[in-house]
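Have a look at the structure below before the remarks.
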Number of protein chains: 2
Amino acid sequence: MIKSGKRSSSAVEDYLERIQELIDSKGYARVVDIALSLGISQASVTNMVKRLDAEGFVKHERYRGLILTDEGRAIARAVIDRHRILTEFLRLLGISESEVERDVEGMEHHLSSSSLGAIESLCRELTSNRELLQKVRSGMK
Amino acid sequence: MIKSGKRSSSAVEDYLERIQELIDSKGYARVVDIALSLGISQASVTNMVKRLDAEGFVKHERYRGLILTDEGRAIARAVIDRHRILTEFLRLLGISESEVERDVEGMEHHLSSSSLGAIESLCRELTSNRELLQKVRSGMK
DNA sequence: TAAAGAAATTAGCCAAGGCTAATTTTTATG
DNA sequence: CATAAAAATTAGCCTTGGCTAATTTCTTTA
């Protein structure tokens, strides 16, 4: 039996994504690290961490850092996946790096896995078919 | 000299989009029409309409309805465009109608015009090249 | 044209997520 | 090992954008 799913907010997804990335890159994620990385205040992070802990997405040990629960990690992984694929997609289409970032950050919380799978397939096709890619790119106004 | 741009919120964009659609379809958009159409309370709409009016996106006449200013109409048109193209895109990829709707509603506020143009071009290609479309669709897990 | 009904507004509330300033707790260092 | 520095928390505030209930204003109709 799979845990409910609970549709988490964009903010929650952003936090979980960043926490996982911090753990992957530096081995730990403390309140201060998250705050710096997201560009928000430590106080705001403390609040959200309380919520994430209460809702079972993370376990927090003061001054030690956070770890993600299975559920939290599943969400983080899903968001990171959507992020990666959307980024690849827009880059393939020749969108400028700064726009890719803005667009992806906005869209990554609103993509069903069906749509994600379709875009992934499209990326494969665009990657293996340069002629097609050229054609698409040249058709942009 | 073009007016600043002002990056309006998703909520503002949703309202302007819906107001324009109501005007297009029934000729007018009153508070009650917007409330019914968005599935929220009249009181909430009254509040937002005050804001939209104060910020110069609409003109409101009680019991008569709203009209969009040039600026409001420009935003509405842009959102409706993004909506239309994203919808076409996901439909082409074979996503189910309900998922198309959910995904588009979420994503339509976060798409730059570059990305929009690219997706538009991609739609043209997918439409005129059924073989490609088949290939992409069959590559989805 | 007066009264019923529809439309709109007001008042007061709530939750999510931000913020700063002040304080507490832990770690690290001279 | 005392204390400075770093990390975390608390308290209190703000904005956005919802809500309900009560009230007001306009329109419609008997």
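Chains: A, B, ... in order of the structure tokens. Residues: from 1 per chain. Ligands: from 1, in order shown.
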Listing only residues of chain B within 9 Å of chain C, what is the closest atom pair and its distance in Å (to one decimal) for each, using only C-alpha atoms (C1' of nucleotides), sorted by chain and residue number ascending, as CSV?
```
residue,atom,partner,partner_atom,distance
B:Arg30,CA,C:DA7,C1',8.8
B:Val31,CA,C:DA8,C1',7.6
B:Val32,CA,C:DA7,C1',6.9
B:Gln42,CA,C:DA8,C1',7.9
B:Ala43,CA,C:DT9,C1',7.5
B:Thr46,CA,C:DT9,C1',7.3
B:Arg62,CA,C:DA8,C1',7.3
B:Tyr63,CA,C:DA7,C1',6.5
```
Per DSSP on the backbone, filter chain A down to the residues in strand (DSSP E) and report them as JSON, numbers by chain.
{"A": [58, 59, 60, 61, 65, 66, 67, 68]}
How close does each residue of chain B get to chain A, giving the shortest atom pair and distance in Å to one decimal for every residue with an atom at most 9 Å away, counting only C-alpha atoms, sorted by chain and residue number, as CSV?
```
residue,atom,partner,partner_atom,distance
B:Leu90,CA,A:Ser115,CA,6.9
B:Leu93,CA,A:Ala118,CA,6.2
B:Gly94,CA,A:Ala118,CA,8.2
B:Ile95,CA,A:Ser115,CA,6.5
B:Ser96,CA,A:Ser114,CA,8.5
B:Glu99,CA,A:Ser112,CA,7.0
B:Val100,CA,A:Ser115,CA,8.1
B:Arg102,CA,A:His110,CA,7.7
B:Asp103,CA,A:Leu111,CA,5.4
B:Val104,CA,A:His110,CA,7.9
B:Glu105,CA,A:His110,CA,8.2
B:Gly106,CA,A:His110,CA,5.0
B:Met107,CA,A:Met107,CA,5.0
B:Glu108,CA,A:Met107,CA,8.2
B:His109,CA,A:Gly106,CA,7.8
B:His110,CA,A:Gly106,CA,5.0
B:Leu111,CA,A:Asp103,CA,5.4
B:Ser112,CA,A:Asp103,CA,6.5
B:Ser114,CA,A:Ile95,CA,6.5
B:Ser115,CA,A:Ile95,CA,6.5
B:Gly117,CA,A:Met140,CA,5.4
B:Ala118,CA,A:Met140,CA,5.4
B:Ile119,CA,A:Leu93,CA,8.2
B:Glu120,CA,A:Met140,CA,7.5
B:Ser121,CA,A:Gly139,CA,5.3
B:Leu122,CA,A:Val136,CA,5.6
B:Cys123,CA,A:Val136,CA,9.0
B:Arg124,CA,A:Val136,CA,8.5
B:Glu125,CA,A:Val136,CA,6.8
B:Leu132,CA,A:Glu125,CA,8.4
B:Lys135,CA,A:Glu125,CA,8.1
B:Val136,CA,A:Ser121,CA,5.6
B:Arg137,CA,A:Ala118,CA,6.9
B:Ser138,CA,A:Ser121,CA,8.3
B:Gly139,CA,A:Ser121,CA,5.3
B:Met140,CA,A:Ala118,CA,5.4
B:Lys141,CA,A:Gly117,CA,6.2
```
Those same residues - N, CA, C and O atoms - I'd like them written as a CSV table (one decimal), in the first residue's frame.
```
chain,number,residue,atom,x,y,z
B,90,LEU,N,0.4,19.4,-25.5
B,90,LEU,CA,0.2,18.2,-24.7
B,90,LEU,C,-0.8,17.3,-25.4
B,90,LEU,O,-0.7,16.1,-25.3
B,93,LEU,N,0.8,15.2,-27.9
B,93,LEU,CA,1.6,14.1,-27.3
B,93,LEU,C,0.7,13.0,-26.8
B,93,LEU,O,1.2,12.0,-26.3
B,94,GLY,N,-0.6,13.2,-26.8
B,94,GLY,CA,-1.5,12.1,-26.4
B,94,GLY,C,-1.8,12.1,-24.9
B,94,GLY,O,-2.3,11.1,-24.4
B,95,ILE,N,-1.6,13.2,-24.3
B,95,ILE,CA,-1.9,13.3,-22.8
B,95,ILE,C,-3.4,13.4,-22.7
B,95,ILE,O,-4.1,14.0,-23.5
B,96,SER,N,-3.9,12.7,-21.6
B,96,SER,CA,-5.4,12.7,-21.4
B,96,SER,C,-5.9,14.1,-21.1
B,96,SER,O,-5.2,15.0,-20.6
B,99,GLU,N,-5.6,15.6,-17.7
B,99,GLU,CA,-4.2,15.9,-17.3
B,99,GLU,C,-3.7,17.2,-18.1
B,99,GLU,O,-3.0,18.0,-17.6
B,100,VAL,N,-4.1,17.2,-19.3
B,100,VAL,CA,-3.8,18.4,-20.1
B,100,VAL,C,-4.2,19.7,-19.4
B,100,VAL,O,-3.5,20.6,-19.2
B,102,ARG,N,-5.0,20.2,-16.2
B,102,ARG,CA,-4.3,20.4,-14.9
B,102,ARG,C,-2.9,21.0,-15.2
B,102,ARG,O,-2.5,22.0,-14.7
B,103,ASP,N,-2.2,20.3,-16.1
B,103,ASP,CA,-0.8,20.7,-16.4
B,103,ASP,C,-0.8,22.1,-17.0
B,103,ASP,O,0.1,23.0,-16.6
B,104,VAL,N,-1.6,22.4,-17.9
B,104,VAL,CA,-1.6,23.7,-18.6
B,104,VAL,C,-2.0,24.8,-17.6
B,104,VAL,O,-1.3,25.8,-17.6
B,105,GLU,N,-3.0,24.6,-16.8
B,105,GLU,CA,-3.3,25.6,-15.8
B,105,GLU,C,-2.2,26.0,-15.0
B,105,GLU,O,-2.0,27.1,-14.6
B,106,GLY,N,-1.4,25.0,-14.6
B,106,GLY,CA,-0.2,25.2,-13.8
B,106,GLY,C,0.9,25.9,-14.5
B,106,GLY,O,1.5,26.8,-14.0
B,107,MET,N,1.2,25.4,-15.7
B,107,MET,CA,2.4,25.9,-16.4
B,107,MET,C,2.2,27.2,-17.1
B,107,MET,O,3.2,27.9,-17.4
B,108,GLU,N,1.0,27.6,-17.5
B,108,GLU,CA,0.8,28.7,-18.4
B,108,GLU,C,1.3,30.0,-17.9
B,108,GLU,O,1.5,31.0,-18.6
B,109,HIS,N,1.5,30.1,-16.6
B,109,HIS,CA,2.0,31.4,-16.0
B,109,HIS,C,3.5,31.4,-16.0
B,109,HIS,O,4.1,32.4,-15.4
B,110,HIS,N,4.2,30.4,-16.4
B,110,HIS,CA,5.6,30.3,-16.3
B,110,HIS,C,6.4,30.1,-17.5
B,110,HIS,O,7.4,29.4,-17.5
B,111,LEU,N,5.9,30.5,-18.6
B,111,LEU,CA,6.5,30.2,-19.9
B,111,LEU,C,6.9,31.5,-20.6
B,111,LEU,O,6.0,32.3,-20.9
B,112,SER,N,8.2,31.7,-20.8
B,112,SER,CA,8.6,32.9,-21.5
B,112,SER,C,8.2,32.8,-23.0
B,112,SER,O,7.8,31.8,-23.5
B,114,SER,N,10.0,33.1,-25.6
B,114,SER,CA,11.0,32.3,-26.3
B,114,SER,C,10.5,30.8,-26.3
B,114,SER,O,10.4,30.2,-27.3
B,115,SER,N,10.3,30.4,-25.1
B,115,SER,CA,9.9,29.0,-24.9
B,115,SER,C,8.6,28.7,-25.7
B,115,SER,O,8.4,27.7,-26.3
B,117,GLY,N,7.5,30.2,-28.3
B,117,GLY,CA,7.7,30.2,-29.7
B,117,GLY,C,8.3,28.8,-30.1
B,117,GLY,O,7.9,28.3,-31.2
B,118,ALA,N,9.2,28.3,-29.3
B,118,ALA,CA,9.8,27.1,-29.6
B,118,ALA,C,8.8,25.9,-29.6
B,118,ALA,O,8.8,25.1,-30.5
B,119,ILE,N,7.9,25.9,-28.6
B,119,ILE,CA,6.9,24.9,-28.5
B,119,ILE,C,5.9,25.0,-29.7
B,119,ILE,O,5.5,24.0,-30.3
B,120,GLU,N,5.7,26.2,-30.1
B,120,GLU,CA,4.8,26.4,-31.2
B,120,GLU,C,5.4,25.8,-32.5
B,120,GLU,O,4.7,25.1,-33.2
B,121,SER,N,6.6,26.1,-32.7
B,121,SER,CA,7.3,25.5,-33.8
B,121,SER,C,7.3,24.0,-33.8
B,121,SER,O,7.1,23.3,-34.8
B,122,LEU,N,7.5,23.5,-32.6
B,122,LEU,CA,7.5,22.0,-32.4
B,122,LEU,C,6.1,21.4,-32.8
B,122,LEU,O,6.0,20.4,-33.4
B,123,CYS,N,5.1,22.1,-32.4
B,123,CYS,CA,3.7,21.7,-32.7
B,123,CYS,C,3.5,21.6,-34.2
B,123,CYS,O,3.0,20.7,-34.7
B,124,ARG,N,4.0,22.7,-34.9
B,124,ARG,CA,3.8,22.7,-36.3
B,124,ARG,C,4.5,21.4,-36.9
B,124,ARG,O,3.9,20.7,-37.8
B,125,GLU,N,5.7,21.1,-36.4
B,125,GLU,CA,6.4,20.0,-37.0
B,125,GLU,C,5.7,18.7,-36.6
B,125,GLU,O,5.6,17.8,-37.5
B,132,LEU,N,6.8,11.1,-37.3
B,132,LEU,CA,7.5,11.6,-36.1
B,132,LEU,C,6.6,11.5,-34.9
B,132,LEU,O,7.0,11.0,-33.8
B,135,LYS,N,6.3,8.1,-33.6
B,135,LYS,CA,7.5,7.7,-33.0
B,135,LYS,C,7.7,8.2,-31.5
B,135,LYS,O,8.0,7.5,-30.6
B,136,VAL,N,7.4,9.5,-31.4
B,136,VAL,CA,7.5,10.1,-30.1
B,136,VAL,C,6.5,9.5,-29.2
B,136,VAL,O,6.8,9.1,-28.0
B,137,ARG,N,5.3,9.3,-29.6
B,137,ARG,CA,4.2,8.7,-28.8
B,137,ARG,C,4.6,7.3,-28.3
B,137,ARG,O,4.3,6.9,-27.2
B,138,SER,N,5.2,6.6,-29.2
B,138,SER,CA,5.4,5.2,-28.9
B,138,SER,C,6.7,5.1,-28.0
B,138,SER,O,6.9,4.1,-27.3
B,139,GLY,N,7.4,6.2,-27.9
B,139,GLY,CA,8.6,6.2,-27.0
B,139,GLY,C,8.3,6.5,-25.6
B,139,GLY,O,9.1,6.6,-24.7
B,140,MET,N,7.0,6.8,-25.3
B,140,MET,CA,6.6,7.2,-23.9
B,140,MET,C,6.4,5.9,-23.0
B,140,MET,O,5.7,5.0,-23.5
B,141,LYS,N,6.9,6.0,-21.8
B,141,LYS,CA,6.7,4.8,-20.9
B,141,LYS,C,5.4,5.0,-20.2
B,141,LYS,O,5.0,6.1,-19.9
```
Using only C-alpha atoms (C1' of nucleotides), which protein or nucleic acid residues come within 9 Å of A:Ile67? Drop anything in the same chain fewer than 6 positions from it, and give the result as a ChimeraX atom specification.
/A:19-20,23,28-29,57-61,73
Pick out each residue of stretch 39-115 of chain B that DSSP on the backbone tags as helix (DSSP H, G or I); I need them as a VMD selection string.
chain B and resid 42 to 54 70 to 92 97 to 107 113 to 115
Store the residues picked out above, limited to N, CA and C atoms, as a CSV table (one decimal), in the first residue's frame.
```
chain,number,residue,atom,x,y,z
B,42,GLN,N,-18.1,35.3,-4.6
B,42,GLN,CA,-18.2,36.7,-5.2
B,42,GLN,C,-17.4,37.6,-4.4
B,43,ALA,N,-17.3,37.4,-3.1
B,43,ALA,CA,-16.5,38.3,-2.2
B,43,ALA,C,-15.1,38.4,-2.6
B,44,SER,N,-14.5,37.2,-2.9
B,44,SER,CA,-13.1,37.1,-3.3
B,44,SER,C,-12.9,37.9,-4.6
B,45,VAL,N,-13.9,37.7,-5.5
B,45,VAL,CA,-13.8,38.4,-6.8
B,45,VAL,C,-13.9,39.9,-6.6
B,46,THR,N,-14.8,40.4,-5.8
B,46,THR,CA,-14.9,41.8,-5.5
B,46,THR,C,-13.5,42.4,-5.1
B,47,ASN,N,-12.9,41.7,-4.2
B,47,ASN,CA,-11.6,42.1,-3.7
B,47,ASN,C,-10.6,42.2,-4.9
B,48,MET,N,-10.5,41.2,-5.6
B,48,MET,CA,-9.5,41.2,-6.7
B,48,MET,C,-9.8,42.2,-7.7
B,49,VAL,N,-11.1,42.4,-8.0
B,49,VAL,CA,-11.5,43.4,-9.0
B,49,VAL,C,-11.1,44.8,-8.6
B,50,LYS,N,-11.2,45.0,-7.3
B,50,LYS,CA,-10.7,46.3,-6.8
B,50,LYS,C,-9.2,46.5,-7.1
B,51,ARG,N,-8.5,45.4,-6.9
B,51,ARG,CA,-7.0,45.5,-7.1
B,51,ARG,C,-6.7,45.7,-8.6
B,52,LEU,N,-7.4,44.9,-9.4
B,52,LEU,CA,-7.2,45.0,-10.9
B,52,LEU,C,-7.5,46.4,-11.4
B,53,ASP,N,-8.6,47.0,-10.8
B,53,ASP,CA,-8.9,48.3,-11.2
B,53,ASP,C,-7.9,49.3,-10.8
B,54,ALA,N,-7.5,49.2,-9.5
B,54,ALA,CA,-6.5,50.1,-8.9
B,54,ALA,C,-5.2,50.0,-9.7
B,70,ASP,N,-6.1,48.5,-22.2
B,70,ASP,CA,-5.1,47.9,-23.2
B,70,ASP,C,-4.1,47.0,-22.5
B,71,GLU,N,-3.6,47.5,-21.3
B,71,GLU,CA,-2.6,46.7,-20.6
B,71,GLU,C,-3.2,45.4,-20.2
B,72,GLY,N,-4.4,45.4,-19.6
B,72,GLY,CA,-5.0,44.2,-19.1
B,72,GLY,C,-5.3,43.2,-20.3
B,73,ARG,N,-5.7,43.8,-21.4
B,73,ARG,CA,-6.1,43.0,-22.5
B,73,ARG,C,-4.8,42.3,-23.1
B,74,ALA,N,-3.7,43.1,-23.1
B,74,ALA,CA,-2.4,42.5,-23.6
B,74,ALA,C,-2.0,41.3,-22.7
B,75,ILE,N,-2.2,41.4,-21.4
B,75,ILE,CA,-1.8,40.3,-20.5
B,75,ILE,C,-2.8,39.1,-20.8
B,76,ALA,N,-4.0,39.4,-20.8
B,76,ALA,CA,-5.0,38.4,-21.1
B,76,ALA,C,-4.7,37.6,-22.4
B,77,ARG,N,-4.5,38.4,-23.4
B,77,ARG,CA,-4.2,37.7,-24.7
B,77,ARG,C,-3.0,36.9,-24.6
B,78,ALA,N,-2.0,37.3,-23.9
B,78,ALA,CA,-0.7,36.6,-23.8
B,78,ALA,C,-1.0,35.2,-23.1
B,79,VAL,N,-1.7,35.3,-22.0
B,79,VAL,CA,-2.0,34.1,-21.2
B,79,VAL,C,-2.9,33.1,-22.1
B,80,ILE,N,-3.8,33.7,-22.7
B,80,ILE,CA,-4.7,32.8,-23.6
B,80,ILE,C,-3.9,32.1,-24.7
B,81,ASP,N,-2.9,32.9,-25.2
B,81,ASP,CA,-2.0,32.3,-26.2
B,81,ASP,C,-1.2,31.2,-25.6
B,82,ARG,N,-0.6,31.4,-24.5
B,82,ARG,CA,0.2,30.4,-23.8
B,82,ARG,C,-0.7,29.1,-23.6
B,83,HIS,N,-1.9,29.4,-23.1
B,83,HIS,CA,-2.8,28.3,-22.8
B,83,HIS,C,-3.1,27.5,-24.0
B,84,ARG,N,-3.4,28.2,-25.1
B,84,ARG,CA,-3.8,27.5,-26.3
B,84,ARG,C,-2.6,26.6,-26.8
B,85,ILE,N,-1.4,27.2,-26.8
B,85,ILE,CA,-0.3,26.5,-27.4
B,85,ILE,C,0.1,25.3,-26.5
B,86,LEU,N,0.1,25.5,-25.2
B,86,LEU,CA,0.5,24.4,-24.3
B,86,LEU,C,-0.6,23.3,-24.5
B,87,THR,N,-1.8,23.7,-24.6
B,87,THR,CA,-2.9,22.7,-24.7
B,87,THR,C,-2.7,21.9,-26.0
B,88,GLU,N,-2.4,22.6,-27.1
B,88,GLU,CA,-2.2,21.9,-28.3
B,88,GLU,C,-1.0,20.9,-28.2
B,89,PHE,N,0.0,21.4,-27.6
B,89,PHE,CA,1.3,20.6,-27.4
B,89,PHE,C,1.0,19.3,-26.7
B,90,LEU,N,0.4,19.4,-25.5
B,90,LEU,CA,0.2,18.2,-24.7
B,90,LEU,C,-0.8,17.3,-25.4
B,91,ARG,N,-1.8,17.9,-26.0
B,91,ARG,CA,-2.8,17.0,-26.7
B,91,ARG,C,-2.1,16.2,-27.9
B,92,LEU,N,-1.3,16.9,-28.6
B,92,LEU,CA,-0.5,16.2,-29.7
B,92,LEU,C,0.2,15.0,-29.1
B,97,GLU,N,-7.2,14.3,-21.6
B,97,GLU,CA,-7.7,15.7,-21.5
B,97,GLU,C,-7.7,16.3,-20.1
B,98,SER,N,-7.9,15.5,-19.1
B,98,SER,CA,-7.9,16.0,-17.7
B,98,SER,C,-6.5,16.4,-17.3
B,99,GLU,N,-5.6,15.6,-17.7
B,99,GLU,CA,-4.2,15.9,-17.3
B,99,GLU,C,-3.7,17.2,-18.1
B,100,VAL,N,-4.1,17.2,-19.3
B,100,VAL,CA,-3.8,18.4,-20.1
B,100,VAL,C,-4.2,19.7,-19.4
B,101,GLU,N,-5.5,19.6,-19.0
B,101,GLU,CA,-6.0,20.8,-18.3
B,101,GLU,C,-5.2,21.2,-17.0
B,102,ARG,N,-5.0,20.2,-16.2
B,102,ARG,CA,-4.3,20.4,-14.9
B,102,ARG,C,-2.9,21.0,-15.2
B,103,ASP,N,-2.2,20.3,-16.1
B,103,ASP,CA,-0.8,20.7,-16.4
B,103,ASP,C,-0.8,22.1,-17.0
B,104,VAL,N,-1.6,22.4,-17.9
B,104,VAL,CA,-1.6,23.7,-18.6
B,104,VAL,C,-2.0,24.8,-17.6
B,105,GLU,N,-3.0,24.6,-16.8
B,105,GLU,CA,-3.3,25.6,-15.8
B,105,GLU,C,-2.2,26.0,-15.0
B,106,GLY,N,-1.4,25.0,-14.6
B,106,GLY,CA,-0.2,25.2,-13.8
B,106,GLY,C,0.9,25.9,-14.5
B,107,MET,N,1.2,25.4,-15.7
B,107,MET,CA,2.4,25.9,-16.4
B,107,MET,C,2.2,27.2,-17.1
B,113,SER,N,8.3,34.0,-23.7
B,113,SER,CA,7.8,33.9,-25.1
B,113,SER,C,8.8,33.2,-25.9
B,114,SER,N,10.0,33.1,-25.6
B,114,SER,CA,11.0,32.3,-26.3
B,114,SER,C,10.5,30.8,-26.3
B,115,SER,N,10.3,30.4,-25.1
B,115,SER,CA,9.9,29.0,-24.9
B,115,SER,C,8.6,28.7,-25.7
```
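Every chain D residue lying within 8 Å of chain A, based on only C-alpha atoms (C1' of nucleotides), is listed here: DA7, DA8 and DT9 of chain D.
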Now that the selection is made, can you save its residues with N, CA, C and O atoms (P, O5', C5', C4', C3', O3' and C1' of nucleotides) as a CSV table (one decimal), in the first residue's frame?
```csv
chain,number,residue,atom,x,y,z
D,7,DA,P,27.4,28.8,10.5
D,7,DA,O5',26.2,28.3,11.4
D,7,DA,C5',26.3,27.1,12.2
D,7,DA,C4',25.0,26.9,13.0
D,7,DA,C3',23.8,26.9,12.1
D,7,DA,O3',23.1,25.6,12.3
D,7,DA,C1',23.5,28.3,14.0
D,8,DA,P,21.7,25.3,11.6
D,8,DA,O5',20.7,25.8,12.7
D,8,DA,C5',20.7,25.2,14.0
D,8,DA,C4',19.6,25.9,14.9
D,8,DA,C3',18.3,26.0,14.2
D,8,DA,O3',17.4,25.2,15.0
D,8,DA,C1',18.9,28.1,15.3
D,9,DT,P,15.9,25.1,14.7
D,9,DT,O5',15.3,26.2,15.6
D,9,DT,C5',15.6,26.2,17.0
D,9,DT,C4',15.0,27.4,17.7
D,9,DT,C3',13.5,27.6,17.4
D,9,DT,O3',12.9,27.6,18.7
D,9,DT,C1',14.7,29.6,17.2
```
